[in-house]
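Asks: Sharing a structure below in structure tokens format, with a few things to ask.
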Amino acid sequence: MSRRAASLLLLALSALLLGAERPRGLGDVVKVRRWSYPEFTRVVVELSRDVQGRLEHLAPDPSAKRPERLYLDLEGIWVGRRFDSGIPVGDGLLSAVRLGQNTLTKTRVVIDVENYGRHRMLLLSHPPRVVVDVYGAAAARERDAWRSPAEGSRHAGRLPAGMRPVRTVVLDAGHGGRDPGAIGFGVREKDVTLRLARMLAPELERRGFRVMLTREGDRYLSLEERTARAEAARGDLFVSLHANAAPRRSQNGIETYYLDADHEGHSMRVAARENGVSRQQLDPLQRTLGRLRMSETSVHSRRLASLVQSELIQGLPRRYRPVQDLGVKKGPFYVLFLSDMPAILVEAGFVTNRTEAQRLRDAGYVAAVAERIARGVERFRGDGARLALSRPR
């Protein structure tokens, strides 16, 4: 069959599909969102049911006048003619996102690429969604150019996590806007986290760090947008700030989390609350995604978490002691595995405990917490510098 005949047949089949009646039992494309930055674009396709799939990369073919693209088939999903005209992007990395009914029971997502370096895809649940990150060629060269001496090549580009200098810290004030987070004794988590971020930023800047806040006011940001901002800022560390809650009002203390494959019962409860899902919805998919990032960043995240937790427990002013040390723990937090850098989540106290709620409302206490977190990050940077100097050249 000639190429022209094949194209005509495809057009005919597409026309038949668009005019066909929707089969029963299919899920839907709910919405498509995207965030664009100079070297990074994130596309999120939200669905009404969980899916499996693999994102394929097609190199450009000048002879066929085919541009570079990524595509993904979503079996059991109906989109119909909802996105007939496509979604124009034109941000220098992507030109457009297109969705169409590839067969009666399958939707195809096509991402037309203008400047391709690398990509990654995550499948998330509750709500079901596909997250596609596309990095430009310059960003990909920096990440991929480095090889270890054992591999026989020289160091070039941006070093892997934990080996590069720590210059930029991303502060993520949890919750915000329509999402108040935990509430207790008149204290809202979203207010505590924003105040803490605002106090922590200058503490870090005084120590020579560049600081980026995912939110600077009382606004709602999805977890995807928070971490997209962190990626765009080319952060070296990600610190997510939260306040805790528990059914028992006597529960108190400070704990710091990092991402790992193994989780404890308490960690699952906290992760479910911070992820905005029920504990039963922390399914194996999320744990698998966390495991994918362990090898590169988990050891550095654990070290950062340990240093910050130590500073918070041992370094707070005497008037705020004793502080219950709930330890360094592992948990499946969306906001940690959606950030591609060493990342921790700090629970600075319980709003459901009367004493700690009063402290979290007190500017002096929040300032003291900010100072100790900054000290922990500074120690992490110092440890990294010593490790770099001790490596054989």
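Ordering of the structure tokens sets the chain letters (A, B, ...), residue numbers begin anew at 1 in every chain, and ligands are numbered from 1 in the order given.
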What lies within 9 Å of stretch 202-213 of chain A using only C-alpha atoms, ignoring chain neighbours under 3 positions off, as a compact mmCIF listing (two decimals) with C-alpha atoms, in the first residue's frame?
Replies:
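What follows is the written file selection-v6.txt:
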```txt
# COMPACT_ATOMS: atom_id res chain seq x y z
CA VAL A 166 24.45 23.13 47.27
CA ARG A 167 23.55 26.61 46.09
CA THR A 168 19.77 26.74 45.59
CA VAL A 169 17.27 25.64 48.23
CA VAL A 170 13.59 25.35 47.32
CA LEU A 171 11.23 25.98 50.24
CA ASP A 172 7.76 24.53 49.89
CA ALA A 173 5.18 25.96 52.30
CA ALA A 197 9.03 29.66 54.88
CA ARG A 198 9.17 33.46 55.03
CA MET A 199 11.37 33.34 58.13
CA GLU A 216 4.82 33.40 48.66
CA ARG A 229 8.50 25.24 40.13
CA ALA A 230 11.26 23.49 42.06
CA ALA A 233 14.46 26.77 39.72
CA GLY A 235 17.13 23.51 42.98
CA ALA A 370 13.64 28.51 60.96
CA GLU A 371 17.10 29.20 62.38
CA ILE A 373 16.50 24.25 59.88
CA ALA A 374 18.87 26.69 58.22
CA ARG A 375 21.67 25.45 60.45
CA VAL A 377 21.03 22.78 55.73
CA GLU A 378 24.32 24.63 56.30
```
Asks: Which polymer residues have any atom within 9 Å of an atom of A:Leu122, counting only C-alpha atoms, with same-chain residues fewer than 6 positions away left out, as an mmCIF file with C-alpha atoms, in the first residue's frame?
Replies:
```
data_model
loop_
_atom_site.group_PDB
_atom_site.id
_atom_site.type_symbol
_atom_site.label_atom_id
_atom_site.label_comp_id
_atom_site.auth_asym_id
_atom_site.auth_seq_id
_atom_site.Cartn_x
_atom_site.Cartn_y
_atom_site.Cartn_z
ATOM 1 C CA ARG A 129 -3.172 11.292 36.143
ATOM 2 C CA VAL A 130 -0.238 11.037 33.802
ATOM 3 C CA VAL A 131 2.667 13.399 34.502
ATOM 4 C CA VAL A 132 5.125 13.988 31.655
ATOM 5 C CA ASP A 133 8.253 16.071 32.241
ATOM 6 C CA LEU A 289 7.572 5.382 42.187
ATOM 7 C CA LEU A 338 7.936 14.556 42.232
#
```
Asks: Residues at most 10 Å from A:Leu221, counting only C-alpha atoms, excluding those fewer than 5 positions away in the same chain, as number ranges by chain?
Replies: A: 174-179, 214-215, 226-227
Asks: Each residue of stretch 69-132 of chain A with at least one atom at most 7 Å from stretch 46-61 of chain A should appear once, together with its nearest atom pair and the corresponding distance in Å (one decimal); atoms considered: only C-alpha atoms; ordering: chain, then increasing residue number; output as a tab-separated table.
Replies:
```
residue	atom	partner	partner_atom	distance
A:Arg69	CA	A:Leu58	CA	5.3
A:Leu70	CA	A:His57	CA	4.6
A:Tyr71	CA	A:Glu56	CA	5.3
A:Leu72	CA	A:Leu55	CA	4.8
A:Asp73	CA	A:Gly53	CA	6.4
A:Leu74	CA	A:Gly53	CA	6.3
A:Met121	CA	A:Leu55	CA	6.9
A:Ser125	CA	A:Asp50	CA	6.5
A:Pro128	CA	A:Asp50	CA	5.0
A:Arg129	CA	A:Glu46	CA	4.2
A:Val130	CA	A:Glu46	CA	6.5
```
Asks: Run DSSP on the backbone of this structure and report the residues of stretch 69-239 of chain A it assigns to strand (DSSP E or B), as a PDB file with C-alpha atoms, in the first residue's frame.
Replies:
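To be explicit, this is the file written out as out.pdb:
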```pdb
ATOM      1  CA  ARG A  69       7.308  13.861  19.291  1.00  0.00           C
ATOM      2  CA  LEU A  70       6.392  11.821  22.332  1.00  0.00           C
ATOM      3  CA  TYR A  71       3.266   9.690  22.358  1.00  0.00           C
ATOM      4  CA  LEU A  72       1.329   7.592  24.841  1.00  0.00           C
ATOM      5  CA  ASP A  73      -1.654   5.281  24.323  1.00  0.00           C
ATOM      6  CA  LEU A  74      -4.262   5.206  27.102  1.00  0.00           C
ATOM      7  CA  GLU A  75      -6.276   2.003  26.863  1.00  0.00           C
ATOM      8  CA  ILE A  77     -10.030   5.963  27.882  1.00  0.00           C
ATOM      9  CA  TRP A  78     -12.466   7.989  25.762  1.00  0.00           C
ATOM     10  CA  ILE A  87      -3.553  22.448  22.989  1.00  0.00           C
ATOM     11  CA  PRO A  88      -0.986  24.957  21.673  1.00  0.00           C
ATOM     12  CA  LEU A  94       6.930  21.969  23.140  1.00  0.00           C
ATOM     13  CA  SER A  95       4.833  23.198  20.251  1.00  0.00           C
ATOM     14  CA  ALA A  96       1.557  21.475  21.153  1.00  0.00           C
ATOM     15  CA  VAL A  97      -0.201  18.668  23.009  1.00  0.00           C
ATOM     16  CA  ARG A  98      -2.734  16.674  20.984  1.00  0.00           C
ATOM     17  CA  LEU A  99      -5.280  14.098  22.118  1.00  0.00           C
ATOM     18  CA  GLY A 100      -7.392  11.935  19.857  1.00  0.00           C
ATOM     19  CA  GLN A 101      -9.448   8.761  19.759  1.00  0.00           C
ATOM     20  CA  ASN A 102      -6.923   6.326  18.293  1.00  0.00           C
ATOM     21  CA  THR A 103      -9.381   3.389  18.451  1.00  0.00           C
ATOM     22  CA  LYS A 106      -7.983   3.910  23.230  1.00  0.00           C
ATOM     23  CA  THR A 107      -6.927   7.562  23.448  1.00  0.00           C
ATOM     24  CA  ARG A 108      -3.559   8.658  22.085  1.00  0.00           C
ATOM     25  CA  VAL A 109      -1.691  11.588  23.629  1.00  0.00           C
ATOM     26  CA  VAL A 110       0.898  13.210  21.351  1.00  0.00           C
ATOM     27  CA  ILE A 111       3.376  15.828  22.556  1.00  0.00           C
ATOM     28  CA  ASP A 112       5.033  17.717  19.684  1.00  0.00           C
ATOM     29  CA  VAL A 113       8.579  18.659  20.693  1.00  0.00           C
ATOM     30  CA  ARG A 118      15.159  13.995  27.823  1.00  0.00           C
ATOM     31  CA  HIS A 119      11.825  13.096  29.412  1.00  0.00           C
ATOM     32  CA  ARG A 120      10.268  11.139  32.233  1.00  0.00           C
ATOM     33  CA  MET A 121       6.731   9.935  32.907  1.00  0.00           C
ATOM     34  CA  LEU A 122       4.937   9.210  36.181  1.00  0.00           C
ATOM     35  CA  LEU A 123       1.542   7.551  36.618  1.00  0.00           C
ATOM     36  CA  LEU A 124      -0.188   8.823  39.758  1.00  0.00           C
ATOM     37  CA  ARG A 129      -3.172  11.292  36.143  1.00  0.00           C
ATOM     38  CA  VAL A 130      -0.238  11.037  33.802  1.00  0.00           C
ATOM     39  CA  VAL A 131       2.667  13.399  34.502  1.00  0.00           C
ATOM     40  CA  VAL A 132       5.125  13.988  31.655  1.00  0.00           C
ATOM     41  CA  ASP A 133       8.253  16.071  32.241  1.00  0.00           C
ATOM     42  CA  VAL A 134      10.206  17.277  29.191  1.00  0.00           C
ATOM     43  CA  TYR A 135      13.655  18.827  29.613  1.00  0.00           C
ATOM     44  CA  THR A 168      19.770  26.735  45.591  1.00  0.00           C
ATOM     45  CA  VAL A 169      17.275  25.639  48.226  1.00  0.00           C
ATOM     46  CA  VAL A 170      13.587  25.352  47.319  1.00  0.00           C
ATOM     47  CA  LEU A 171      11.227  25.984  50.243  1.00  0.00           C
ATOM     48  CA  ASP A 172       7.760  24.532  49.894  1.00  0.00           C
ATOM     49  CA  ALA A 173       5.177  25.964  52.302  1.00  0.00           C
ATOM     50  CA  GLY A 176      -2.460  27.103  51.004  1.00  0.00           C
ATOM     51  CA  ASP A 179      -6.469  23.819  51.319  1.00  0.00           C
ATOM     52  CA  ILE A 183      -6.426  22.665  61.938  1.00  0.00           C
ATOM     53  CA  GLY A 184      -6.303  22.741  65.726  1.00  0.00           C
ATOM     54  CA  VAL A 187      -4.177  27.334  64.112  1.00  0.00           C
ATOM     55  CA  ARG A 188      -4.185  26.459  60.409  1.00  0.00           C
ATOM     56  CA  ARG A 210      19.888  31.185  46.837  1.00  0.00           C
ATOM     57  CA  VAL A 211      16.290  30.563  47.932  1.00  0.00           C
ATOM     58  CA  MET A 212      13.129  29.951  45.939  1.00  0.00           C
ATOM     59  CA  LEU A 213       9.658  29.672  47.536  1.00  0.00           C
ATOM     60  CA  LEU A 237      17.668  20.789  47.831  1.00  0.00           C
ATOM     61  CA  PHE A 238      13.910  20.685  48.390  1.00  0.00           C
ATOM     62  CA  VAL A 239      12.515  21.362  51.879  1.00  0.00           C
TER      63      VAL A 239
END
```
Asks: Using only C-alpha atoms, find the one residue out of A:Glu21, A:Arg34, A:Leu316, A:Gly253 that sits nearest to A:Val89.
Replies: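 Of A:Glu21, A:Arg34, A:Leu316, A:Gly253, the one nearest A:Val89 is A:Arg34, counting only C-alpha atoms.
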Asks: Run DSSP on the backbone of this structure and report the residues of stretch 327-382 of chain A it assigns to alpha helix (DSSP H), as a ChimeraX atom specification.
Replies: /A:334-337,354-361,363-382
Asks: Go through A:Tyr220, A:Tyr116, A:Phe40, A:Tyr257 and flag the residue nearest A:Pro180, using only C-alpha atoms for the distances.
Replies: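 Closest to A:Pro180 of all the choices is A:Tyr220.
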Asks: Record the distance separating atom CA of A:Val45 and atom CA of A:Glu224, expressed in Å with one decimal.
Replies: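 Distance between the two atoms: 11.3 Å.
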Asks: Choose the residue, out of A:Gly349, A:Gly327, A:Pro62, A:Pro342, that has the smallest atom-to-atom separation from A:Val369; count only C-alpha atoms.
Replies: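 Counting only C-alpha atoms, the residue closest to A:Val369 is A:Gly349.
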Asks: Could you jot down the atom CA of A:Thr297 to atom CA of A:Leu259 separation for me, Å, one decimal place?
Replies: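 Atom CA of A:Leu259 lies 8.8 Å from atom CA of A:Thr297.
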Asks: To one decimal in Å, tell me the separation between atom CA of A:Phe337 and atom CA of A:Leu200.
Replies: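 These two atoms are separated by 22.7 Å.
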